[in-house]
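Structure data (mmCIF, C-alpha atoms) from query.cif:
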```cif
data_query
#
loop_
_atom_site.label_atom_id
_atom_site.label_comp_id
_atom_site.auth_asym_id
_atom_site.auth_seq_id
_atom_site.Cartn_x
_atom_site.Cartn_y
_atom_site.Cartn_z
CA MET A 104 108.52 87.48 38.25
CA LYS A 105 106.09 87.23 35.34
CA THR A 106 102.55 86.27 36.33
CA SER A 107 99.61 85.97 33.95
CA ARG A 108 96.21 87.49 34.58
CA THR A 109 94.81 83.95 34.63
CA ALA A 110 97.28 82.88 37.31
CA LEU A 111 96.50 85.94 39.42
CA ALA A 112 92.77 85.37 39.09
CA MET A 113 93.15 81.66 39.78
CA MET A 114 95.14 82.22 42.97
CA ALA A 115 92.63 84.85 44.13
CA VAL A 116 89.62 82.61 43.52
CA LEU A 117 91.27 79.59 45.12
CA ALA A 118 92.32 81.64 48.11
CA LEU A 119 88.80 82.93 48.62
CA ALA A 120 87.30 79.48 48.21
CA ALA A 121 89.77 77.53 50.32
CA CYS A 122 91.56 80.24 52.31
CA GLY A 123 94.81 78.85 50.95
CA ASN A 124 97.33 81.04 52.73
CA ASP A 125 100.28 80.14 54.90
CA LYS A 126 98.94 82.53 57.52
CA ALA A 127 95.65 84.20 58.20
CA PRO A 128 95.04 87.40 56.26
CA VAL A 129 95.95 90.51 58.16
CA ALA A 130 93.00 92.41 59.59
CA SER A 131 94.16 95.97 59.14
CA ASP A 132 93.38 98.46 61.86
CA GLN A 133 94.67 101.33 59.76
CA GLN A 134 92.31 104.05 58.60
CA SER A 135 89.49 102.95 56.31
CA ASP A 136 89.85 105.72 53.71
CA LYS A 137 92.32 105.40 50.87
CA SER A 138 95.76 106.90 51.31
CA PRO A 139 97.33 108.83 48.38
CA LEU A 140 99.45 105.82 47.43
CA ALA A 141 96.57 103.34 47.70
CA GLU A 142 94.86 105.26 44.89
CA TYR A 143 97.52 103.81 42.60
CA MET A 144 98.49 100.55 44.32
CA GLY A 145 94.96 99.21 44.77
CA ASP A 146 92.25 98.83 47.40
CA GLY A 147 94.11 96.20 49.43
CA PHE A 148 97.23 98.34 49.90
CA VAL A 149 97.89 99.53 53.44
CA SER A 150 100.98 101.12 54.88
CA SER A 151 102.51 99.08 57.71
CA SER A 152 104.70 100.53 60.41
CA GLY A 153 107.66 98.28 61.03
CA GLY A 154 109.41 98.57 57.68
CA GLY A 155 107.10 97.42 54.91
CA PHE A 156 103.74 97.52 53.25
CA LYS A 157 101.18 94.76 52.89
CA MET A 158 97.98 93.75 51.23
CA ALA A 159 95.29 93.24 53.84
CA VAL A 160 91.77 92.20 54.58
CA ARG A 161 90.49 95.31 56.26
CA ALA A 162 88.53 95.07 59.46
CA GLY A 163 86.06 97.90 59.54
CA GLY A 164 84.80 97.90 55.97
CA ALA A 165 85.60 95.44 53.20
CA GLN A 166 86.04 96.76 49.67
CA GLN A 167 83.14 95.72 47.42
CA PRO A 168 83.87 94.01 44.08
CA SER A 169 82.71 95.69 40.89
CA GLU A 170 79.77 94.36 38.88
CA GLU A 171 82.26 93.15 36.27
CA ASP A 172 84.12 91.17 38.95
CA LEU A 173 80.85 89.68 40.20
CA ALA A 174 79.82 88.70 36.67
CA LYS A 175 83.10 86.87 36.15
CA GLN A 176 82.78 85.11 39.50
CA ARG A 177 79.29 83.93 38.49
CA LYS A 178 80.70 82.51 35.25
CA VAL A 179 83.44 80.74 37.20
CA GLU A 180 80.82 79.16 39.48
CA ASP A 181 78.68 78.05 36.50
CA ALA A 182 81.68 76.55 34.70
CA THR A 183 82.80 74.80 37.89
CA ALA A 184 79.35 73.24 38.33
CA ALA A 185 79.33 71.99 34.72
CA CYS A 186 82.81 70.50 35.08
CA MET A 187 81.93 68.77 38.37
CA LYS A 188 78.81 67.28 36.77
CA THR A 189 80.96 65.81 34.02
CA ALA A 190 83.24 64.38 36.73
CA GLY A 191 80.25 62.73 38.37
CA PHE A 192 79.76 65.07 41.31
CA GLU A 193 77.05 67.49 42.32
CA TYR A 194 78.14 71.10 42.73
CA VAL A 195 75.81 74.07 43.06
CA ALA A 196 76.93 77.37 41.55
CA VAL A 197 76.87 79.80 44.46
CA PRO A 198 76.26 83.48 43.56
CA PRO A 199 79.14 85.68 44.79
CA GLU A 200 76.59 87.91 46.52
CA GLN A 201 75.69 84.97 48.76
CA ASN A 202 79.33 84.41 49.76
CA ALA A 203 79.61 88.09 50.68
CA LYS A 204 76.93 87.57 53.33
CA SER A 205 78.74 84.71 55.08
CA LYS A 206 79.64 84.90 58.77
CA PHE A 207 83.28 85.08 57.74
CA ALA A 208 82.72 88.27 55.72
CA GLU A 209 80.55 89.75 58.45
CA ALA A 210 83.43 89.51 60.93
CA PHE A 211 85.58 91.77 58.77
CA SER A 212 82.82 94.31 58.30
CA LEU A 213 83.02 95.12 62.02
CA PRO A 214 84.69 98.37 63.15
CA PRO A 215 88.29 97.74 64.30
CA ASP A 216 87.46 98.10 68.00
CA LYS A 217 84.50 95.70 67.79
CA PHE A 218 86.58 93.23 65.77
CA ALA A 219 89.27 93.30 68.46
CA GLU A 220 86.69 92.69 71.19
CA GLN A 221 85.31 89.62 69.41
CA TYR A 222 88.24 88.23 67.44
CA GLY A 223 91.39 89.91 68.68
CA TYR A 224 93.63 89.95 65.59
CA GLY A 225 91.77 87.04 63.98
CA VAL A 226 94.84 84.82 64.41
CA SER A 227 93.87 82.08 66.87
CA THR A 228 90.21 83.07 67.15
CA ILE A 229 89.33 82.02 63.59
CA ASP A 230 90.16 78.56 62.23
CA TRP A 231 91.15 79.73 58.77
CA SER A 232 91.35 76.14 57.48
CA LYS A 233 87.58 75.98 57.90
CA ALA A 234 86.72 79.55 56.98
CA GLY A 235 83.32 79.40 55.37
CA ALA A 236 82.88 75.70 56.12
CA ASP A 237 80.27 76.45 58.78
CA ASP A 238 78.31 78.70 56.43
CA ASP A 239 74.87 77.05 56.30
CA SER A 240 74.01 79.08 53.20
CA ASN A 241 76.56 77.22 51.04
CA PRO A 242 74.90 74.06 49.67
CA ASN A 243 78.24 72.57 48.63
CA THR A 244 79.29 72.24 52.26
CA LYS A 245 76.32 69.98 52.87
CA ILE A 246 76.88 68.05 49.65
CA ARG A 247 80.49 67.27 50.53
CA SER A 248 79.70 66.46 54.18
CA ALA A 249 77.19 63.80 53.08
CA LEU A 250 79.89 61.87 51.21
CA SER A 251 82.06 59.09 52.60
CA ALA A 252 85.69 59.87 53.45
CA ALA A 253 86.88 58.28 50.20
CA ALA A 254 84.25 60.13 48.18
CA GLN A 255 85.19 63.43 49.84
CA LYS A 256 88.80 62.91 48.77
CA ALA A 257 87.68 62.26 45.19
CA TYR A 258 85.37 65.29 45.35
CA ASP A 259 88.22 67.52 46.52
CA LYS A 260 90.49 66.20 43.77
CA ALA A 261 87.87 66.87 41.11
CA LEU A 262 87.16 70.35 42.46
CA ASN A 263 90.65 71.61 43.32
CA GLY A 264 93.01 69.10 41.68
CA PRO A 265 95.24 66.34 43.13
CA ASN A 266 97.11 68.80 45.33
CA ALA A 267 94.05 69.70 47.41
CA ASN A 268 94.67 68.82 51.05
CA GLY A 269 92.22 67.44 53.57
CA ASN A 270 91.01 70.91 54.50
CA GLY A 271 90.06 71.77 50.95
CA ALA A 272 93.04 74.12 50.58
CA VAL A 273 95.33 73.85 47.59
CA VAL A 274 99.04 73.08 47.69
CA ILE A 275 100.87 74.77 44.83
CA GLU A 276 104.49 73.94 44.16
CA GLY A 277 106.48 77.13 43.76
CA GLY A 278 109.09 77.65 41.06
CA LYS A 279 111.69 80.36 40.78
CA ASP A 280 109.19 82.48 38.85
CA GLY A 281 106.30 81.79 41.23
CA PRO A 282 103.44 79.32 41.36
CA SER A 283 102.58 79.71 37.69
CA SER A 284 106.08 79.05 36.36
CA SER A 285 105.66 75.39 35.47
CA GLY A 286 102.26 75.80 33.83
CA GLN A 287 101.50 72.16 34.62
CA GLN A 288 99.53 72.45 37.84
CA ASP A 289 96.21 70.60 37.81
CA LEU A 290 93.86 72.81 39.82
CA GLY A 291 90.73 70.80 39.09
CA CYS A 292 87.36 72.07 37.94
CA ARG A 293 87.69 75.36 39.76
CA GLY A 294 91.06 76.07 38.15
CA LYS A 295 89.77 75.09 34.70
CA ALA A 296 86.77 77.38 35.21
CA VAL A 297 89.01 80.32 36.06
CA LYS A 298 91.07 79.71 32.92
CA GLN A 299 87.93 79.50 30.87
CA VAL A 300 86.55 82.78 32.20
CA TYR A 301 89.73 84.85 32.50
CA GLY A 302 91.62 83.30 29.60
CA GLU A 303 95.37 82.99 29.13
CA ASP A 304 96.81 86.24 27.91
CA ARG A 305 100.18 87.89 28.21
CA GLY A 306 101.75 87.99 31.63
CA MET A 307 102.60 91.00 33.69
CA ASP A 308 106.31 91.50 34.22
CA PHE A 309 106.64 92.88 37.75
CA LYS A 310 110.42 93.24 37.35
CA LYS A 311 109.98 96.47 35.46
CA PHE A 312 108.43 97.89 38.64
CA ASP A 313 111.27 96.75 40.92
CA SER A 314 112.59 100.29 41.21
CA LEU A 315 109.15 101.57 42.18
CA PHE A 316 108.73 98.87 44.84
CA LYS A 317 112.15 99.67 46.30
CA ASP A 318 111.26 103.35 46.43
CA ILE A 319 108.02 102.49 48.25
CA GLN A 320 109.97 100.45 50.80
CA ALA A 321 112.34 103.37 51.28
CA LEU A 322 109.30 105.64 51.71
CA GLN A 323 107.97 103.33 54.42
CA LYS A 324 111.27 103.52 56.29
CA ARG A 325 111.17 107.32 56.12
CA ILE A 326 107.67 107.31 57.58
CA ASP A 327 108.65 104.91 60.37
CA THR A 328 111.74 106.93 61.30
CA ASP A 329 109.96 110.30 61.25
CA GLN A 330 110.36 111.74 64.74
CA ARG A 331 106.60 112.24 65.10
CA VAL A 332 106.02 108.53 64.44
CA VAL A 333 108.90 107.56 66.72
CA ASP A 334 107.40 109.65 69.53
CA ALA A 335 103.92 108.22 68.88
CA THR A 336 105.31 104.69 68.94
CA SER A 337 107.06 105.39 72.24
CA ALA A 338 103.79 106.70 73.69
CA TRP A 339 102.02 103.58 72.40
CA THR A 340 104.67 101.39 74.08
CA ASP A 341 104.11 103.18 77.39
CA CYS A 342 100.34 102.88 77.00
CA MET A 343 100.63 99.14 76.37
CA ALA A 344 102.87 98.75 79.43
CA ASP A 345 100.36 100.66 81.57
CA ALA A 346 97.68 98.23 80.32
CA GLY A 347 99.80 95.29 81.50
CA HIS A 348 101.47 94.43 78.16
CA SER A 349 105.07 95.55 78.42
CA GLY A 350 108.03 94.86 76.15
CA PHE A 351 106.56 95.81 72.78
CA LYS A 352 108.68 98.20 70.73
CA LYS A 353 106.97 98.01 67.32
CA VAL A 354 103.23 98.20 66.68
CA ASP A 355 103.32 94.97 64.66
CA ASP A 356 104.89 93.05 67.56
CA PRO A 357 101.71 92.11 69.48
CA ARG A 358 100.10 90.41 66.52
CA GLU A 359 103.37 88.68 65.62
CA GLN A 360 103.65 87.38 69.18
CA ILE A 361 100.22 85.78 68.96
CA GLN A 362 101.06 84.28 65.56
CA GLN A 363 104.27 82.77 66.95
CA LYS A 364 102.40 81.27 69.89
CA LEU A 365 99.82 79.77 67.54
CA ASP A 366 102.58 78.36 65.31
CA THR A 367 104.11 76.69 68.36
CA LEU A 368 100.73 75.28 69.39
CA THR A 369 99.88 73.90 65.93
CA GLY A 370 103.40 72.82 65.04
CA ASN A 371 103.29 75.05 61.98
CA LYS A 372 106.67 76.08 60.62
CA PRO A 373 106.38 79.28 58.59
CA PRO A 374 108.86 79.87 55.73
CA THR A 375 112.22 81.30 56.73
CA LYS A 376 112.34 85.04 56.20
CA GLY A 377 114.12 85.79 52.98
CA GLY A 378 114.20 82.13 51.98
CA PRO A 379 112.47 80.54 48.98
CA SER A 380 108.92 79.31 49.48
CA LYS A 381 108.45 75.81 48.12
CA THR A 382 104.71 75.61 48.51
CA VAL A 383 101.64 77.68 49.09
CA THR A 384 99.43 75.76 51.47
CA GLY A 385 96.31 76.11 53.52
CA PRO A 386 96.69 77.18 57.15
CA PRO A 387 96.95 74.43 59.79
CA SER A 388 93.72 73.10 61.23
CA PHE A 389 92.99 73.47 64.93
CA ASP A 390 91.46 69.97 65.09
CA LYS A 391 94.46 68.41 66.85
CA VAL A 392 95.34 71.39 69.03
CA ASP A 393 94.95 71.14 72.81
CA SER A 394 91.56 72.84 73.32
CA ALA A 395 92.44 74.23 76.76
CA LYS A 396 95.66 75.82 75.47
CA LEU A 397 93.88 77.20 72.41
CA SER A 398 91.15 78.70 74.61
CA GLU A 399 93.78 80.37 76.78
CA LEU A 400 95.59 81.74 73.73
CA ARG A 401 92.36 83.15 72.37
CA LYS A 402 91.62 84.95 75.63
CA SER A 403 95.10 86.47 75.73
CA GLU A 404 94.85 87.46 72.05
CA ILE A 405 91.59 89.34 72.56
CA ALA A 406 92.89 91.08 75.70
CA LEU A 407 96.07 92.09 73.89
CA ALA A 408 94.25 93.27 70.75
CA VAL A 409 91.74 95.34 72.73
CA ALA A 410 94.54 97.10 74.64
CA ASP A 411 96.48 97.55 71.39
CA GLN A 412 93.47 99.09 69.65
CA LYS A 413 92.81 101.51 72.52
CA CYS A 414 96.46 102.58 72.72
CA LYS A 415 96.64 103.20 68.99
CA ALA A 416 93.39 105.16 69.05
CA SER A 417 94.67 107.34 71.88
CA GLY A 418 97.15 109.11 69.63
CA TYR A 419 99.28 106.79 67.53
CA ASP A 420 96.81 106.35 64.65
CA ASP A 421 96.31 110.08 64.11
CA ALA A 422 100.03 110.86 64.31
CA TYR A 423 100.94 108.05 61.94
CA LYS A 424 98.23 108.96 59.43
CA LYS A 425 99.31 112.61 59.35
CA VAL A 426 102.92 111.68 58.57
CA GLN A 427 101.95 108.90 56.17
CA TYR A 428 99.56 110.95 54.07
CA ALA A 429 101.93 113.89 53.75
CA ALA A 430 104.85 111.63 52.77
CA GLU A 431 102.75 109.62 50.33
CA LYS A 432 101.39 112.77 48.67
CA GLU A 433 104.94 113.99 48.07
CA PHE A 434 105.92 110.52 46.82
CA VAL A 435 102.99 110.43 44.40
CA ASP A 436 103.93 113.84 43.01
CA GLN A 437 107.49 112.61 42.39
CA HIS A 438 106.59 109.17 40.98
CA LYS A 439 103.33 109.87 39.20
CA VAL A 440 104.42 108.50 35.82
CA GLU A 441 105.58 105.15 37.29
CA LEU A 442 102.52 104.87 39.54
CA GLU A 443 100.14 105.56 36.66
CA ALA A 444 101.93 102.92 34.58
CA TYR A 445 101.55 100.41 37.40
CA ARG A 446 97.89 101.28 37.93
CA ASP A 447 97.08 101.08 34.22
CA GLU A 448 98.80 97.74 33.74
CA THR A 449 97.27 96.08 36.80
CA ALA A 450 93.86 97.43 35.84
CA ASN A 451 94.02 95.33 32.66
CA ARG A 452 94.79 92.10 34.53
#
```

Can the structure from this file be put into structure tokens for me?
Amino acid sequence: MKTSRTALAMMAVLALAACGNDKAPVASDQQSDKSPLAEYMGDGFVSSSGGGFKMAVRAGGAQQPSEEDLAKQRKVEDATAACMKTAGFEYVAVPPEQNAKSKFAEAFSLPPDKFAEQYGYGVSTIDWSKAGADDDSNPNTKIRSALSAAAQKAYDKALNGPNANGNGAVVIEGGKDGPSSSGQQDLGCRGKAVKQVYGEDRGMDFKKFDSLFKDIQALQKRIDTDQRVVDATSAWTDCMADAGHSGFKKVDDPREQIQQKLDTLTGNKPPTKGGPSKTVTGPPSFDKVDSAKLSELRKSEIALAVADQKCKASGYDDAYKKVQYAAEKEFVDQHKVELEAYRDETANR
């Protein structure tokens, strides 16, 4: 899949602005320091027991953007405001530093145990379709709220393009080469601003790193099947059962169970595993969900996450980290040339 720097930046900015993900970002309860492999794969890389790796929003210390990143985000905001003015709408350029202080960001700056106590896994406890919408510090929330329903629709179209849904999230039709394959998506003033700031340069061909990605997946399987991790997982399972949460065999299972229950409650149908994704959409709103059932789910999520966190902290986390770091260090030594090539290329995007 070939994806341009502009497309990557655009999707990142739109995701941050509208939380446009099929599911809520994963709040990682892994260690907060970088693993040997993360030094090459990027700040958002975390190893995930259960057969894969993922990019995650980390509970217990968010990574801070560089000054260069902040400067570009300021330019995007300024260009968005100018474009919206031309379209006949008021839009205030919000400094990225102000967004970083939102309640939403504050939640993910909590230590993992405190996050679990307040938000569980952040699945049903946070309405991701409105993430940031209740931030009183964002003047654009107030500007949009003061408009009529018809004017709000026009505002959303001008800001995020005709594919913006009622929650302000963007729906992007996916092609065989990803969201950017058609090159014809109208992403409104915000999308135009991103193009203006980041430009349209050569794309990054991820296919040349297919072998590296496969090797990383194989590495993850080796870590998960290491006897020390297997024993630690078994001890975690017993600990969870003692806490009243039996039946979990993999450490990712509790969170997945909550996600499945929320999907059932909201009527959300996630993409079939292994199947093509036709769209990238915003998460479902909780507006039409039975409030009593949602409240009950939230209570069970927090109770489950707190027990999960305690059981992992009692031995699993240390055992997993020891195996992971040793395996990753060996992997880095064996794949240093490929990893440096990946790091250098992504650094220029």

Neighbour list for range 329-338 of chain A as a list in words, cut-off 8 Å, all atoms listed in the file, skip fewer than 4 positions in-chain: Arg325, Cys342, Lys352, Lys353, Val354, Gly418, Tyr419, Ala422, Tyr423 and Val426 of chain A

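Each of A:Ile246, A:Thr340, A:Leu315, A:Glu209 was checked against Met144 in chain A using only C-alpha atoms; the smallest atom-to-atom distance is that of A:Leu315.
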
His438 in chain A surroundings by all atoms listed in the file, 12 Å radius, close-in-sequence under 3 positions cut, as a PyMOL selection string: chain A and resi 139-140+143+312+314-316+318-319+322+431-435+441-445

Interatomic distance, CA of Ala296 in chain A to CA of Arg177 in chain A (Å, one decimal): 10.5 Å

Would you give the centre and edge lengths, in Å to one decimal, of a box along x, y and z around the listed atoms of range 322-333 of chain A, with 4 Å added to each side, as AutoDock Vina command-line options?
```
--center_x 108.9 --center_y 107.8 --center_z 59.2 --size_x 13.7 --size_y 16.9 --size_z 23.0
```

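In this structure, CA of Phe351 in chain A sits 18.1 Å away from CA of Val226 in chain A.
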
Distance in Å - CA of Ser227 in chain A versus CA of Ile405 in chain A: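 For CA of Ser227 in chain A relative to CA of Ile405 in chain A, the distance reads 9.5 Å.
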
Expansion of the PyMOL selection byres ((chain A and resi 183) around 9) into residues, as an MDAnalysis selection string: chainID A and resid 178:182 184:188 194:196 262 291:297

Proximity to Ala346 in chain A - best of A:Asp230, A:Asp216, A:Glu142, A:Asp411, all atoms listed in the file: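 When distances to Ala346 in chain A are compared using all atoms listed in the file, the smallest one comes from A:Asp411.
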
Protein and nucleic acid residues near (80.8, 86.8, 41.4) (cut-off 7 Å, all atoms listed in the file) as a list in words: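 Output of the proximity query reads Asp172, Leu173, Ala174, Lys175, Gln176, Arg177, Pro198, Pro199 and Glu200 of chain A.
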
Mind listing whatever residues come within 10 Å of the point (94.2, 94.2, 75.6)? Use all atoms listed in the file, file coordinates, and give them as a short mmCIF file (atom, residue, chain, number, x, y, z; two decimals) with C-alpha atoms, keeping the file's coordinate frame.
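Heads up, here's the output in result-v2.cif:
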```cif
data_model
loop_
_atom_site.label_atom_id
_atom_site.label_comp_id
_atom_site.auth_asym_id
_atom_site.auth_seq_id
_atom_site.Cartn_x
_atom_site.Cartn_y
_atom_site.Cartn_z
CA ALA A 219 89.27 93.30 68.46
CA GLU A 220 86.69 92.69 71.19
CA GLY A 223 91.39 89.91 68.68
CA MET A 343 100.63 99.14 76.37
CA ALA A 346 97.68 98.23 80.32
CA GLY A 347 99.80 95.29 81.50
CA HIS A 348 101.47 94.43 78.16
CA PRO A 357 101.71 92.11 69.48
CA LYS A 402 91.62 84.95 75.63
CA SER A 403 95.10 86.47 75.73
CA GLU A 404 94.85 87.46 72.05
CA ILE A 405 91.59 89.34 72.56
CA ALA A 406 92.89 91.08 75.70
CA LEU A 407 96.07 92.09 73.89
CA ALA A 408 94.25 93.27 70.75
CA VAL A 409 91.74 95.34 72.73
CA ALA A 410 94.54 97.10 74.64
CA ASP A 411 96.48 97.55 71.39
CA GLN A 412 93.47 99.09 69.65
CA LYS A 413 92.81 101.51 72.52
CA CYS A 414 96.46 102.58 72.72
#
```

A:Leu250, A:Leu290, A:Ile326, A:Ile361 ranked by distance to Gln427 in chain A, top pick (using all atoms listed in the file):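 Under the stated criterion, the closest residue is A:Ile326.
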